[in-house]
Amino acid sequence: MAKLPWVGTMLPATIVFDLDGTLVDTAPDLCAALNHALGVLGRPGVPADDVRHMVGHGARKLLEKGLAATGAMTPALVEAGVAPFLAYYADHIADRSRPYPGVAAALTALTAAGSRLAICTNKPVGLSRALVSALGWDGYFSANLGFDSVRVPKPDPGHLFAAIAAAGGSPASTVFVGDSITDMTTARNAGVPVIAVSFGFSDRPVADLGADLVIDHYDALLPALRRIVAA
């Protein structure tokens with residue numbers, strides 16, 4: 001791991017976060033939106049615990065998995081479900097979504113230390129910004145890029161590079177924080193160190209993701225970032 005430039009408190013100059021499953025437990029509202037769309041399509045709902053392992057690749061992939069779990073999945077059914085899913089989710093984006101414990105304190109500490117913060121998510125950018133606003137986080141992030149902000153989204157490294165650039169940072173002084181194999185692959189493709197959270201929406205054990213470090217709580221984020229800077 002190459003040594004990174006740092007801000008005055010030995011923290012990376014830029015930290016980029018995934019959103020769903022990393023900063024915010026959005027599973028309850030995503031599950032409600034998915035089950036609404038499935039109902040429109042004449043399908044039964046999917047349990048919330050199952051949905052936690054389906055998210056992270058965008059609305060269409062979530063619908064594909066929800067349809068496959070409840071019967072036949074076809075591209076036509078997926079397309080028919082997109083509009084009701086997105087409309088319902090936009091109206092209920094923060095009904096039950098909550099930041100993970102310690103997130104607000106970590107974001108406050110990082111911004112106070114002078115680090116630039118950004119979001120790199122496979123959520124549509126309008127929904128990502130709406131969720132951030134609903135949580136009162138507009139002042140934390142210098143950039144917020146969704147899957148439709150770039151030509152090719154995660155795991156393509158261009159998505160992460162675009163988020164770093166939009167925040168005014170450099171890949172050479174950035175750490176990425178995520179919860180899924182998509183996030184880890186994105187970081188590896190970009191040559192950027194990556195921290196995995198153990199409590200997100202990963203579809204496999206976090207130890208198998210290949211992160212540089214794993215944290216179990218946001219109280220551990222700043223120490224983990226300092227370890228990466230010092231390595």
# chains A, B, ... in the order shown; residues from 1 in each chain; ligands from 1

call {"tool": "closest_atom_pairs", "arguments": {"of": "stretch 37-137 of chain A", "to": "stretch 210-217 of chain A", "cutoff": "12 Å", "atoms": "only C-alpha atoms", "output": "Markdown table"}}
result
| residue | atom | partner | partner_atom | distance |
| --- | --- | --- | --- | --- |
| A:Pro99 | CA | A:His217 | CA | 11.7 |
| A:Tyr100 | CA | A:His217 | CA | 8.2 |
| A:Pro101 | CA | A:His217 | CA | 7.0 |
| A:Gly102 | CA | A:His217 | CA | 7.0 |
| A:Val103 | CA | A:His217 | CA | 8.6 |
| A:Ala105 | CA | A:His217 | CA | 11.5 |
| A:Ala106 | CA | A:His217 | CA | 10.2 |

call {"tool": "select_by_dssp", "arguments": {"residues": "chain A", "states": "strand (DSSP E or B)", "output": "MDAnalysis selection string"}}
result
chainID A and resid 6 12 14:17 20 24:25 98:99 116:120 143:145 174:178 194:197 213:215

call {"tool": "write_last_selection", "arguments": {"atoms": "N, CA, C and O atoms", "output": "tab-separated table (two decimals), in the first residue's frame"}}
result
chain	number	residue	atom	x	y	z
A	6	TRP	N	-1.61	13.57	3.19
A	6	TRP	CA	-2.62	13.66	4.23
A	6	TRP	C	-2.90	15.11	4.56
A	6	TRP	O	-2.16	16.01	4.19
A	12	PRO	N	-6.49	11.07	5.07
A	12	PRO	CA	-6.46	11.27	3.62
A	12	PRO	C	-7.10	12.60	3.24
A	12	PRO	O	-8.05	13.05	3.90
A	14	THR	N	-8.92	13.14	0.66
A	14	THR	CA	-10.26	12.88	0.12
A	14	THR	C	-10.72	11.49	0.56
A	14	THR	O	-9.96	10.53	0.47
A	15	ILE	N	-11.96	11.42	1.03
A	15	ILE	CA	-12.58	10.14	1.35
A	15	ILE	C	-13.87	10.05	0.56
A	15	ILE	O	-14.71	10.95	0.64
A	16	VAL	N	-14.01	8.98	-0.21
A	16	VAL	CA	-15.22	8.75	-1.01
A	16	VAL	C	-15.99	7.59	-0.40
A	16	VAL	O	-15.40	6.55	-0.05
A	17	PHE	N	-17.30	7.76	-0.28
A	17	PHE	CA	-18.16	6.75	0.33
A	17	PHE	C	-19.18	6.22	-0.67
A	17	PHE	O	-19.77	6.99	-1.44
A	20	ASP	N	-25.67	3.37	-0.01
A	20	ASP	CA	-26.54	2.32	0.52
A	20	ASP	C	-25.71	1.19	1.14
A	20	ASP	O	-24.84	0.62	0.47
A	24	VAL	N	-25.71	4.54	5.06
A	24	VAL	CA	-27.12	4.51	5.47
A	24	VAL	C	-27.69	3.11	5.29
A	24	VAL	O	-27.46	2.47	4.26
A	25	ASP	N	-28.46	2.66	6.29
A	25	ASP	CA	-29.23	1.43	6.15
A	25	ASP	C	-30.53	1.80	5.43
A	25	ASP	O	-31.51	2.20	6.06
A	98	ARG	N	-31.94	4.93	7.89
A	98	ARG	CA	-31.24	5.59	8.99
A	98	ARG	C	-29.72	5.45	8.80
A	98	ARG	O	-29.24	4.40	8.37
A	99	PRO	N	-28.96	6.49	9.15
A	99	PRO	CA	-27.50	6.36	9.14
A	99	PRO	C	-27.06	5.28	10.12
A	99	PRO	O	-27.70	5.05	11.15
A	116	ARG	N	-11.83	16.28	2.21
A	116	ARG	CA	-12.96	16.41	1.29
A	116	ARG	C	-13.73	15.09	1.30
A	116	ARG	O	-13.12	14.02	1.25
A	117	LEU	N	-15.05	15.17	1.29
A	117	LEU	CA	-15.87	13.98	1.29
A	117	LEU	C	-16.71	13.94	0.02
A	117	LEU	O	-17.18	14.97	-0.46
A	118	ALA	N	-16.92	12.74	-0.52
A	118	ALA	CA	-17.73	12.56	-1.72
A	118	ALA	C	-18.50	11.26	-1.62
A	118	ALA	O	-18.15	10.36	-0.85
A	119	ILE	N	-19.55	11.16	-2.43
A	119	ILE	CA	-20.35	9.94	-2.55
A	119	ILE	C	-20.23	9.41	-3.96
A	119	ILE	O	-20.32	10.17	-4.93
A	120	CYS	N	-20.04	8.09	-4.07
A	120	CYS	CA	-19.98	7.40	-5.36
A	120	CYS	C	-20.94	6.21	-5.24
A	120	CYS	O	-20.60	5.21	-4.60
A	143	ALA	N	-19.09	16.39	-3.36
A	143	ALA	CA	-19.58	15.80	-4.61
A	143	ALA	C	-20.46	14.61	-4.27
A	143	ALA	O	-20.26	13.93	-3.26
A	144	ASN	N	-21.43	14.35	-5.15
A	144	ASN	CA	-22.36	13.23	-4.99
A	144	ASN	C	-22.71	12.74	-6.38
A	144	ASN	O	-23.51	13.35	-7.08
A	145	LEU	N	-22.10	11.63	-6.80
A	145	LEU	CA	-22.28	11.13	-8.16
A	145	LEU	C	-22.99	9.78	-8.14
A	145	LEU	O	-22.55	8.84	-7.46
A	174	THR	N	-6.61	9.60	-1.89
A	174	THR	CA	-8.00	9.22	-1.64
A	174	THR	C	-8.10	7.82	-1.05
A	174	THR	O	-7.32	6.94	-1.40
A	175	VAL	N	-9.07	7.64	-0.17
A	175	VAL	CA	-9.48	6.32	0.31
A	175	VAL	C	-10.97	6.17	0.03
A	175	VAL	O	-11.75	7.11	0.19
A	176	PHE	N	-11.36	4.97	-0.42
A	176	PHE	CA	-12.76	4.66	-0.69
A	176	PHE	C	-13.30	3.81	0.46
A	176	PHE	O	-12.59	2.96	0.99
A	177	VAL	N	-14.56	4.03	0.83
A	177	VAL	CA	-15.22	3.26	1.88
A	177	VAL	C	-16.50	2.67	1.29
A	177	VAL	O	-17.34	3.40	0.77
A	178	GLY	N	-16.64	1.34	1.38
A	178	GLY	CA	-17.81	0.69	0.81
A	178	GLY	C	-18.18	-0.57	1.55
A	178	GLY	O	-17.57	-0.91	2.58
A	194	VAL	N	-8.99	0.84	0.00
A	194	VAL	CA	-10.42	0.72	0.29
A	194	VAL	C	-10.64	0.10	1.66
A	194	VAL	O	-9.96	-0.84	2.06
A	195	ILE	N	-11.62	0.67	2.38
A	195	ILE	CA	-12.06	0.15	3.68
A	195	ILE	C	-13.46	-0.41	3.49
A	195	ILE	O	-14.32	0.22	2.88
A	196	ALA	N	-13.70	-1.60	4.03
A	196	ALA	CA	-15.02	-2.22	3.98
A	196	ALA	C	-15.68	-2.11	5.35
A	196	ALA	O	-15.03	-2.28	6.38
A	197	VAL	N	-16.98	-1.83	5.35
A	197	VAL	CA	-17.76	-1.91	6.58
A	197	VAL	C	-18.35	-3.32	6.67
A	197	VAL	O	-18.74	-3.90	5.65
A	213	LEU	N	-8.70	-2.74	4.85
A	213	LEU	CA	-9.10	-2.83	6.26
A	213	LEU	C	-10.60	-3.00	6.33
A	213	LEU	O	-11.33	-2.59	5.42
A	214	VAL	N	-11.07	-3.59	7.42
A	214	VAL	CA	-12.50	-3.75	7.68
A	214	VAL	C	-12.82	-3.09	9.01
A	214	VAL	O	-12.07	-3.25	9.99
A	215	ILE	N	-13.92	-2.33	9.06
A	215	ILE	CA	-14.36	-1.74	10.32
A	215	ILE	C	-15.74	-2.28	10.68
A	215	ILE	O	-16.56	-2.56	9.81

call {"tool": "select_by_dssp", "arguments": {"residues": "stretch 114-217 of chain A", "states": "helix (DSSP H, G or I)", "output": "ChimeraX atom specification"}}
result
/A:125-134,147-149,157-166,171-173,181-190,206-208

call {"tool": "residues_around", "arguments": {"residues": "stretch 146-161 of chain A", "least_positions_apart": "4", "cutoff": "7 Å", "atoms": "only C-alpha atoms", "output": "short mmCIF file (atom, residue, chain, number, x, y, z; two decimals) with all heavy atoms, in the first residue's frame"}}
result
data_model
loop_
_atom_site.label_atom_id
_atom_site.label_comp_id
_atom_site.auth_asym_id
_atom_site.auth_seq_id
_atom_site.Cartn_x
_atom_site.Cartn_y
_atom_site.Cartn_z
N CYS A 120 -20.04 8.09 -4.07
CA CYS A 120 -19.98 7.40 -5.36
C CYS A 120 -20.94 6.21 -5.24
O CYS A 120 -20.60 5.21 -4.60
CB CYS A 120 -18.56 6.94 -5.66
SG CYS A 120 -18.34 6.06 -7.21
N THR A 121 -22.12 6.33 -5.83
CA THR A 121 -23.18 5.35 -5.61
C THR A 121 -23.80 4.91 -6.93
O THR A 121 -23.82 5.67 -7.89
CB THR A 121 -24.29 5.95 -4.70
OG1 THR A 121 -25.37 5.02 -4.60
CG2 THR A 121 -24.82 7.26 -5.26
N ASN A 122 -24.33 3.70 -6.94
CA ASN A 122 -25.08 3.23 -8.11
C ASN A 122 -26.57 3.55 -8.00
O ASN A 122 -27.37 3.04 -8.77
CB ASN A 122 -24.86 1.73 -8.32
CG ASN A 122 -23.60 1.47 -9.13
OD1 ASN A 122 -23.11 2.33 -9.85
ND2 ASN A 122 -23.05 0.28 -9.00
N LYS A 123 -26.93 4.41 -7.06
CA LYS A 123 -28.26 5.00 -7.00
C LYS A 123 -28.36 6.09 -8.08
O LYS A 123 -27.35 6.74 -8.38
CB LYS A 123 -28.41 5.67 -5.64
CG LYS A 123 -29.69 5.48 -4.89
CD LYS A 123 -29.60 6.21 -3.56
CE LYS A 123 -30.78 5.90 -2.68
NZ LYS A 123 -30.84 4.49 -2.29
N PRO A 124 -29.53 6.34 -8.66
CA PRO A 124 -29.66 7.53 -9.51
C PRO A 124 -29.27 8.78 -8.72
O PRO A 124 -29.60 8.90 -7.53
CB PRO A 124 -31.15 7.54 -9.87
CG PRO A 124 -31.59 6.12 -9.74
CD PRO A 124 -30.78 5.56 -8.59
N VAL A 125 -28.60 9.69 -9.35
CA VAL A 125 -28.04 10.83 -8.63
C VAL A 125 -29.12 11.68 -7.98
O VAL A 125 -28.95 12.20 -6.88
CB VAL A 125 -27.13 11.68 -9.54
CG1 VAL A 125 -27.92 12.36 -10.65
CG2 VAL A 125 -26.35 12.69 -8.71
N SER A 128 -29.99 9.94 -4.80
CA SER A 128 -28.89 10.05 -3.85
C SER A 128 -28.88 11.42 -3.18
O SER A 128 -28.74 11.54 -1.96
CB SER A 128 -27.56 9.79 -4.57
OG SER A 128 -26.48 9.86 -3.66
N ALA A 165 -12.59 13.75 -8.65
CA ALA A 165 -12.34 15.02 -9.35
C ALA A 165 -13.40 16.06 -9.00
O ALA A 165 -13.09 17.24 -8.80
CB ALA A 165 -12.31 14.78 -10.86
N PRO A 171 -6.72 10.97 -6.94
CA PRO A 171 -6.70 9.55 -6.56
C PRO A 171 -5.53 9.18 -5.66
O PRO A 171 -5.65 8.27 -4.83
CB PRO A 171 -6.61 8.82 -7.91
CG PRO A 171 -7.23 9.77 -8.89
CD PRO A 171 -6.83 11.14 -8.40
N THR A 182 -18.70 -4.90 -5.39
CA THR A 182 -18.68 -3.84 -6.41
C THR A 182 -17.77 -2.70 -5.97
O THR A 182 -16.96 -2.20 -6.76
CB THR A 182 -20.10 -3.31 -6.66
OG1 THR A 182 -20.91 -4.37 -7.17
CG2 THR A 182 -20.09 -2.17 -7.66
N ASP A 183 -17.88 -2.29 -4.71
CA ASP A 183 -17.04 -1.21 -4.20
C ASP A 183 -15.58 -1.61 -4.15
O ASP A 183 -14.69 -0.82 -4.51
CB ASP A 183 -17.52 -0.79 -2.80
CG ASP A 183 -18.92 -0.23 -2.81
OD1 ASP A 183 -19.30 0.42 -3.79
OD2 ASP A 183 -19.65 -0.47 -1.83
N THR A 185 -14.06 -3.88 -5.97
CA THR A 185 -13.55 -3.99 -7.34
C THR A 185 -13.32 -2.62 -7.94
O THR A 185 -12.31 -2.39 -8.64
CB THR A 185 -14.55 -4.78 -8.20
OG1 THR A 185 -14.77 -6.06 -7.61
CG2 THR A 185 -14.02 -4.97 -9.61
N THR A 186 -14.21 -1.70 -7.68
CA THR A 186 -14.04 -0.32 -8.16
C THR A 186 -12.74 0.27 -7.65
O THR A 186 -11.96 0.87 -8.41
CB THR A 186 -15.22 0.55 -7.71
OG1 THR A 186 -16.44 0.00 -8.18
CG2 THR A 186 -15.08 1.98 -8.23
N ALA A 187 -12.51 0.14 -6.36
CA ALA A 187 -11.30 0.70 -5.76
C ALA A 187 -10.05 0.04 -6.33
O ALA A 187 -9.06 0.72 -6.64
CB ALA A 187 -11.34 0.54 -4.24
N ASN A 189 -9.72 -1.43 -9.24
CA ASN A 189 -9.57 -0.98 -10.62
C ASN A 189 -8.98 0.42 -10.70
O ASN A 189 -8.28 0.75 -11.66
CB ASN A 189 -10.92 -1.00 -11.33
CG ASN A 189 -11.43 -2.40 -11.61
OD1 ASN A 189 -10.67 -3.37 -11.57
ND2 ASN A 189 -12.72 -2.52 -11.89
N ALA A 190 -9.26 1.23 -9.68
CA ALA A 190 -8.77 2.60 -9.66
C ALA A 190 -7.42 2.74 -8.97
O ALA A 190 -6.81 3.82 -9.01
CB ALA A 190 -9.79 3.50 -8.95
#

call {"tool": "residues_around", "arguments": {"residues": "A:Phe85", "least_positions_apart": "2", "cutoff": "8 Å", "atoms": "only C-alpha atoms", "output": "list in words"}}
result
Ala33, Leu34, His36, Ala37, Ala59, Gly81, Val82, Ala83, Ala87, Tyr88 and Tyr89 of chain A

call {"tool": "closest_residue", "arguments": {"among": "A:Ala76, A:Ala94, A:Ala32, A:Ala163", "to": "A:Asp18", "atoms": "only C-alpha atoms"}}
result
A:Ala163

call {"tool": "closest_residue", "arguments": {"among": "A:Ala68, A:Ile93, A:Met10, A:Leu209", "to": "A:Pro28", "atoms": "only C-alpha atoms"}}
result
A:Ile93

call {"tool": "closest_residue", "arguments": {"among": "A:Leu107, A:Leu11, A:Val46, A:Leu41", "to": "A:Leu62", "atoms": "only C-alpha atoms"}}
result
A:Val46

call {"tool": "residues_around", "arguments": {"residues": "A:Arg43", "least_positions_apart": "6", "cutoff": "9 Å", "atoms": "only C-alpha atoms", "output": "compact mmCIF listing (two decimals) with N, CA, C and O atoms, in the first residue's frame"}}
result
# COMPACT_ATOMS: atom_id res chain seq x y z
N ASN A 35 -41.18 -4.07 -3.17
CA ASN A 35 -42.41 -4.83 -3.00
C ASN A 35 -43.61 -4.11 -3.60
O ASN A 35 -44.55 -4.74 -4.09
N ALA A 37 -43.38 -2.29 -6.37
CA ALA A 37 -43.25 -2.58 -7.81
C ALA A 37 -43.64 -4.01 -8.12
O ALA A 37 -44.32 -4.28 -9.13
N LEU A 67 -37.75 -10.14 -9.03
CA LEU A 67 -38.58 -10.94 -9.93
C LEU A 67 -38.13 -12.40 -9.95
O LEU A 67 -38.96 -13.31 -9.92
N THR A 70 -39.38 -14.38 -7.09
CA THR A 70 -40.83 -14.55 -6.96
C THR A 70 -41.47 -15.18 -8.20
O THR A 70 -42.70 -15.23 -8.30
N GLY A 71 -40.64 -15.66 -9.13
CA GLY A 71 -41.17 -16.27 -10.35
C GLY A 71 -40.25 -16.03 -11.52
O GLY A 71 -39.03 -15.91 -11.35
